[in-house]
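Student: To start, I am sharing the structure in question, which I have written as structure tokens.
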Amino acid sequence: MPSSEFWISILTMYFSSVVVSNFVSVKNTPKSMFRPEEVIFSTNYNITKLLVPSGGTSYIHEDVSNIPSIFLTISDPRLEGGSCIYVLEELAAYEILEGGRDSTSDYSTDKNVYFGGKDGVYRYDAETLSAKKFGPFRDDIIQIQKANGSDAIYFLTSDKKLFKLQKNGTVKSKIQAVSCALEFVLDTSNNIYFIACDDGLPRVIKPDGNLVDFMSSVTEDFKEVTLLRPAFLMDRSIPFIADGQLYVLYANGTSEKKDFFIKERPTAYSVDAALYLVAALDGKVYEFNIMEAMVKSMFSFTSEWPKDLTKLIMSIIETGKDEIYKDFNHFF
């Protein structure tokens, strides 16, 4: 089984190559990953959130009938709450929750999808293509994430406070270690990563609620930091973008700068259990079957993806530890 470092290298490379609108090839030739043939949905409004539920099952994208459910949040100032959550089913869009801001599911076989909205938490009802109120609380939620392997749901309110919901939505507790957060994300081990309001830098909170000591590795004067929810392959780490530069932040507080710079950034992205990725840019949702492209690149099959993908993969592996390279040869 490949090491965690191996998967982080592979996944980080693919995230950066897919979401980058103009990545620079070996010959410094700009190439766009956002092409018209990849568009599966478009709107005149900004798409702020995307979710492809993991489901814990393998996914192979063969035709339109195999496209998974995709939840998206559209910003529309005309609506109550300023936004609405839709679900794409077989590429048809259905309105789910007016005033909804964010969607979440965990990394397990649990099929439940939850929404955070202007008046609390909701749960998706697939049979009726609707959202049902979950729990009695009516917080103004701007971000939500389901914990992995437990019933806990974390959410961030409009006044920048982080809470945890438990016992079927009936018990709410404040995360005391977070006095003020601009955004947050959980990794697959339920470590909490958040952006502090005072300096705009990331912090880490362990599952037991203790704050990790301020990481000396993330002290640059960033103007803009965006945390990204990791795919299930990444263990005790998350990717984040700071002023266009891609990093990996680890649960022990250390970070690693990756050799990728993103000029145009998507407004939202999500990746499922089999590396089926969707990204939003300029009101359009683009789909990318990363696993299929990776396999084609590895075995030199014809692919419409940039020809430098294999070179980029190998450049990352060759600069890593020897054991990562061994894992790579063993896996493929």
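Just remember, in the structure tokens the first chain shown is A, the second B, etc., residues are 1-based per chain, and ligands are 1-based in the order shown.
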Excluding A:Arg101 and any residue of its chain fewer than 3 positions from it, enumerate the residues within 10 Å of it, using only C-alpha atoms, and give them as a list in words.
Tutor: Thr48, Lys49, Leu72, Thr73, Ile74, Ser75, Gly81, Gly82, Ser83, Cys84, Ile85, Leu97, Glu98, Phe115, Gly116, Gly117, Lys118, Asp140, Ile141, Ile142, Gln143 and Ile144 of chain A
Student: What residues in stretch 225-291 of chain A get the DSSP label strand (DSSP E)? Please answer as a ChimeraX atom specification.
Tutor: /A:225-227,237-242,245-250,255-261,268-271,276-281,284-289
Student: Go ahead and save the picked residues with C-alpha atoms, as a short mmCIF file (atom, residue, chain, number, x, y, z; two decimals), in the first residue's frame.
Tutor:
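Below you can see selection_14.cif, which holds the result:
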data_model
loop_
_atom_site.label_atom_id
_atom_site.label_comp_id
_atom_site.auth_asym_id
_atom_site.auth_seq_id
_atom_site.Cartn_x
_atom_site.Cartn_y
_atom_site.Cartn_z
CA VAL A 225 -5.35 32.29 2.51
CA THR A 226 -7.91 29.68 1.45
CA LEU A 227 -8.20 26.28 3.13
CA SER A 237 -3.17 17.13 6.35
CA ILE A 238 -4.98 19.58 4.08
CA PRO A 239 -3.99 21.65 1.07
CA PHE A 240 -4.28 25.43 1.24
CA ILE A 241 -3.61 28.31 -1.12
CA ALA A 242 -1.87 31.47 0.07
CA GLN A 245 0.85 29.53 -3.88
CA LEU A 246 -0.08 25.95 -3.02
CA TYR A 247 0.91 24.48 0.37
CA VAL A 248 0.16 21.39 2.44
CA LEU A 249 -0.55 21.98 6.13
CA TYR A 250 -0.02 19.05 8.49
CA SER A 255 3.65 23.03 6.38
CA GLU A 256 5.19 22.27 3.01
CA LYS A 257 5.36 24.66 0.08
CA LYS A 258 4.57 23.07 -3.27
CA ASP A 259 6.07 24.12 -6.55
CA PHE A 260 2.79 25.31 -8.06
CA PHE A 261 1.34 28.78 -8.41
CA ALA A 268 -15.26 26.25 -5.37
CA TYR A 269 -14.08 22.67 -5.81
CA SER A 270 -14.81 19.14 -4.56
CA VAL A 271 -13.31 15.70 -5.16
CA TYR A 276 -13.69 12.66 -9.70
CA LEU A 277 -13.18 16.39 -9.32
CA VAL A 278 -15.46 19.33 -10.05
CA ALA A 279 -14.39 22.97 -9.94
CA ALA A 280 -16.31 26.21 -10.43
CA LEU A 281 -15.07 29.26 -12.30
CA LYS A 284 -19.51 27.32 -14.67
CA VAL A 285 -18.94 23.85 -13.19
CA TYR A 286 -16.15 21.83 -14.81
CA GLU A 287 -15.64 18.09 -14.31
CA PHE A 288 -12.34 16.18 -14.36
CA ASN A 289 -11.88 12.43 -14.04
#
Student: Counting only C-alpha atoms, figure out which residue out of A:Ser130, A:Thr254, A:Asn190, A:Thr43 gets nearest to A:Tyr114.
Tutor: A:Ser130
Student: Among the residues of stretch 27-271 of chain A, find those DSSP assigns to helix (DSSP H, G or I) from the backbone and print them as a ChimeraX atom specification.
Tutor: /A:36-38,64-66
Student: Store the residues of this selection in a file with N, CA, C and O atoms, as a compact mmCIF listing (two decimals), in the first residue's frame.
Tutor:
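Final output, saved to result-v3.txt:
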# COMPACT_ATOMS: atom_id res chain seq x y z
N PRO A 36 -14.29 24.42 -22.71
CA PRO A 36 -15.75 24.32 -22.88
C PRO A 36 -16.29 22.89 -22.80
O PRO A 36 -17.38 22.67 -22.27
N GLU A 37 -15.54 21.92 -23.31
CA GLU A 37 -16.04 20.55 -23.31
C GLU A 37 -16.10 19.93 -21.92
O GLU A 37 -16.71 18.87 -21.73
N GLU A 38 -15.48 20.58 -20.92
CA GLU A 38 -15.52 20.07 -19.55
C GLU A 38 -16.69 20.63 -18.75
O GLU A 38 -16.93 20.23 -17.61
N VAL A 64 -22.88 9.61 -18.98
CA VAL A 64 -23.62 10.59 -18.20
C VAL A 64 -24.37 9.96 -17.04
O VAL A 64 -24.57 10.57 -16.00
N SER A 65 -24.82 8.70 -17.19
CA SER A 65 -25.59 8.05 -16.13
C SER A 65 -24.75 7.76 -14.91
O SER A 65 -25.28 7.47 -13.84
N ASN A 66 -23.43 7.81 -15.02
CA ASN A 66 -22.55 7.52 -13.91
C ASN A 66 -22.04 8.76 -13.19
O ASN A 66 -21.23 8.67 -12.28
Student: Would you kindly return, as a PyMOL selection string, each protein, DNA or RNA residue with an atom no farther than 8 Å from any atom of A:Ile70, considering only C-alpha atoms and excluding same-chain residues fewer than 5 positions away?
Tutor: chain A and resi 50-53+87-89
Student: Print the selection's residues with C-alpha atoms to a file, as a PDB file, in the first residue's frame.
Tutor:
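Listing of result_17.pdb after writing:
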ATOM      1  CA  LEU A  50     -19.390  22.485  -4.389  1.00  0.00           C
ATOM      2  CA  LEU A  51     -19.762  19.011  -2.901  1.00  0.00           C
ATOM      3  CA  VAL A  52     -19.357  15.586  -4.483  1.00  0.00           C
ATOM      4  CA  PRO A  53     -20.172  13.171  -1.629  1.00  0.00           C
ATOM      5  CA  VAL A  87     -28.297  19.435  -6.653  1.00  0.00           C
ATOM      6  CA  LEU A  88     -27.248  18.206 -10.077  1.00  0.00           C
ATOM      7  CA  GLU A  89     -28.813  14.819 -10.813  1.00  0.00           C
TER       8      GLU A  89
END
Student: Rank nothing, just name the residue among A:Leu79, A:Val171, A:Ala147, A:Leu162 nearest to A:Phe134, using only C-alpha atoms.
Tutor: A:Val171
Student: If we count only C-alpha atoms and set the cut-off at 10 Å, which residues sit around A:Asp125, ignoring sequence neighbours fewer than 2 positions away in its own chain? Please answer as a list in words.
Tutor: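 That gives Ile96, Asn112, Val113, Tyr114, Tyr122, Arg123, Glu127, Thr128, Leu129, Ser130, Ala131 and Lys132 of chain A.
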Student: Now that the selection is made, can you save its residues with N, CA, C and O atoms as a CSV table (one decimal), in the first residue's frame?
Tutor:
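This went into again_21.csv:
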chain,number,residue,atom,x,y,z
A,96,ILE,N,-32.8,23.0,-3.9
A,96,ILE,CA,-33.0,22.2,-2.7
A,96,ILE,C,-33.3,23.1,-1.5
A,96,ILE,O,-34.2,22.8,-0.7
A,112,ASN,N,-25.7,10.3,4.1
A,112,ASN,CA,-26.4,11.5,4.5
A,112,ASN,C,-25.6,12.8,4.0
A,112,ASN,O,-24.4,12.8,4.2
A,113,VAL,N,-26.3,13.8,3.5
A,113,VAL,CA,-25.7,15.1,3.2
A,113,VAL,C,-26.4,16.1,4.0
A,113,VAL,O,-27.7,16.1,4.1
A,114,TYR,N,-25.7,17.0,4.6
A,114,TYR,CA,-26.2,18.1,5.4
A,114,TYR,C,-25.9,19.4,4.8
A,114,TYR,O,-24.9,19.6,4.1
A,122,TYR,N,-29.7,21.5,7.9
A,122,TYR,CA,-30.7,20.7,7.3
A,122,TYR,C,-30.1,19.4,6.8
A,122,TYR,O,-28.9,19.3,6.6
A,123,ARG,N,-31.0,18.4,6.5
A,123,ARG,CA,-30.5,17.2,6.0
A,123,ARG,C,-31.2,16.9,4.7
A,123,ARG,O,-32.4,17.1,4.5
A,127,GLU,N,-35.3,11.3,-1.8
A,127,GLU,CA,-36.5,10.9,-2.4
A,127,GLU,C,-37.4,12.0,-2.9
A,127,GLU,O,-38.1,11.9,-3.9
A,128,THR,N,-37.4,13.1,-2.1
A,128,THR,CA,-38.2,14.3,-2.5
A,128,THR,C,-37.4,15.4,-3.0
A,128,THR,O,-38.0,16.5,-3.4
A,129,LEU,N,-36.1,15.2,-3.2
A,129,LEU,CA,-35.2,16.3,-3.7
A,129,LEU,C,-35.4,17.6,-2.9
A,129,LEU,O,-35.6,18.6,-3.4
A,130,SER,N,-35.4,17.4,-1.5
A,130,SER,CA,-35.6,18.6,-0.7
A,130,SER,C,-34.7,18.5,0.6
A,130,SER,O,-34.0,17.5,0.8
A,131,ALA,N,-34.8,19.5,1.4
A,131,ALA,CA,-34.0,19.6,2.6
A,131,ALA,C,-35.0,19.6,3.8
A,131,ALA,O,-35.9,20.4,3.8
A,132,LYS,N,-34.7,18.8,4.8
A,132,LYS,CA,-35.5,18.8,6.0
A,132,LYS,C,-34.7,19.4,7.2
A,132,LYS,O,-33.5,19.1,7.3
Student: Work out how far atom CA of A:Ile40 is from atom CA of A:Pro266, in Å to one decimal.
Tutor: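 Atom-to-atom, atom CA of A:Pro266 to atom CA of A:Ile40, that is 15.1 Å.
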Student: Which of these residues is nearest to A:Thr267, using only C-alpha atoms: A:Asp106, A:Ala231, A:Asp282, A:Gly200?
Tutor: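 Selected residue with least distance to A:Thr267: A:Asp282.
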Student: So which one's closest to A:Ser173, A:Asn191, A:Phe137, A:Cys197, A:Asp221? Using only C-alpha atoms, please.
Tutor: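 Among A:Asn191, A:Phe137, A:Cys197, A:Asp221, it is A:Phe137 that comes nearest to A:Ser173.
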Student: For the atom pair atom CA of A:Gly169 and atom CA of A:Gly135, what is the interatomic distance in Å to one decimal place?
Tutor: 4.3 Å
Student: Looking at A:Ser189, A:Lys223, A:Thr170, A:Tyr45, which one is nearest to A:Asp208, with distances taken over only C-alpha atoms?
Tutor: A:Ser189
Student: Taking only C-alpha atoms into account, name the residue in A:Gly283, A:Pro202, A:Gly244, A:Pro230 that is nearest to A:Phe41.
Tutor: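 Closest to A:Phe41 of all the choices is A:Gly283.
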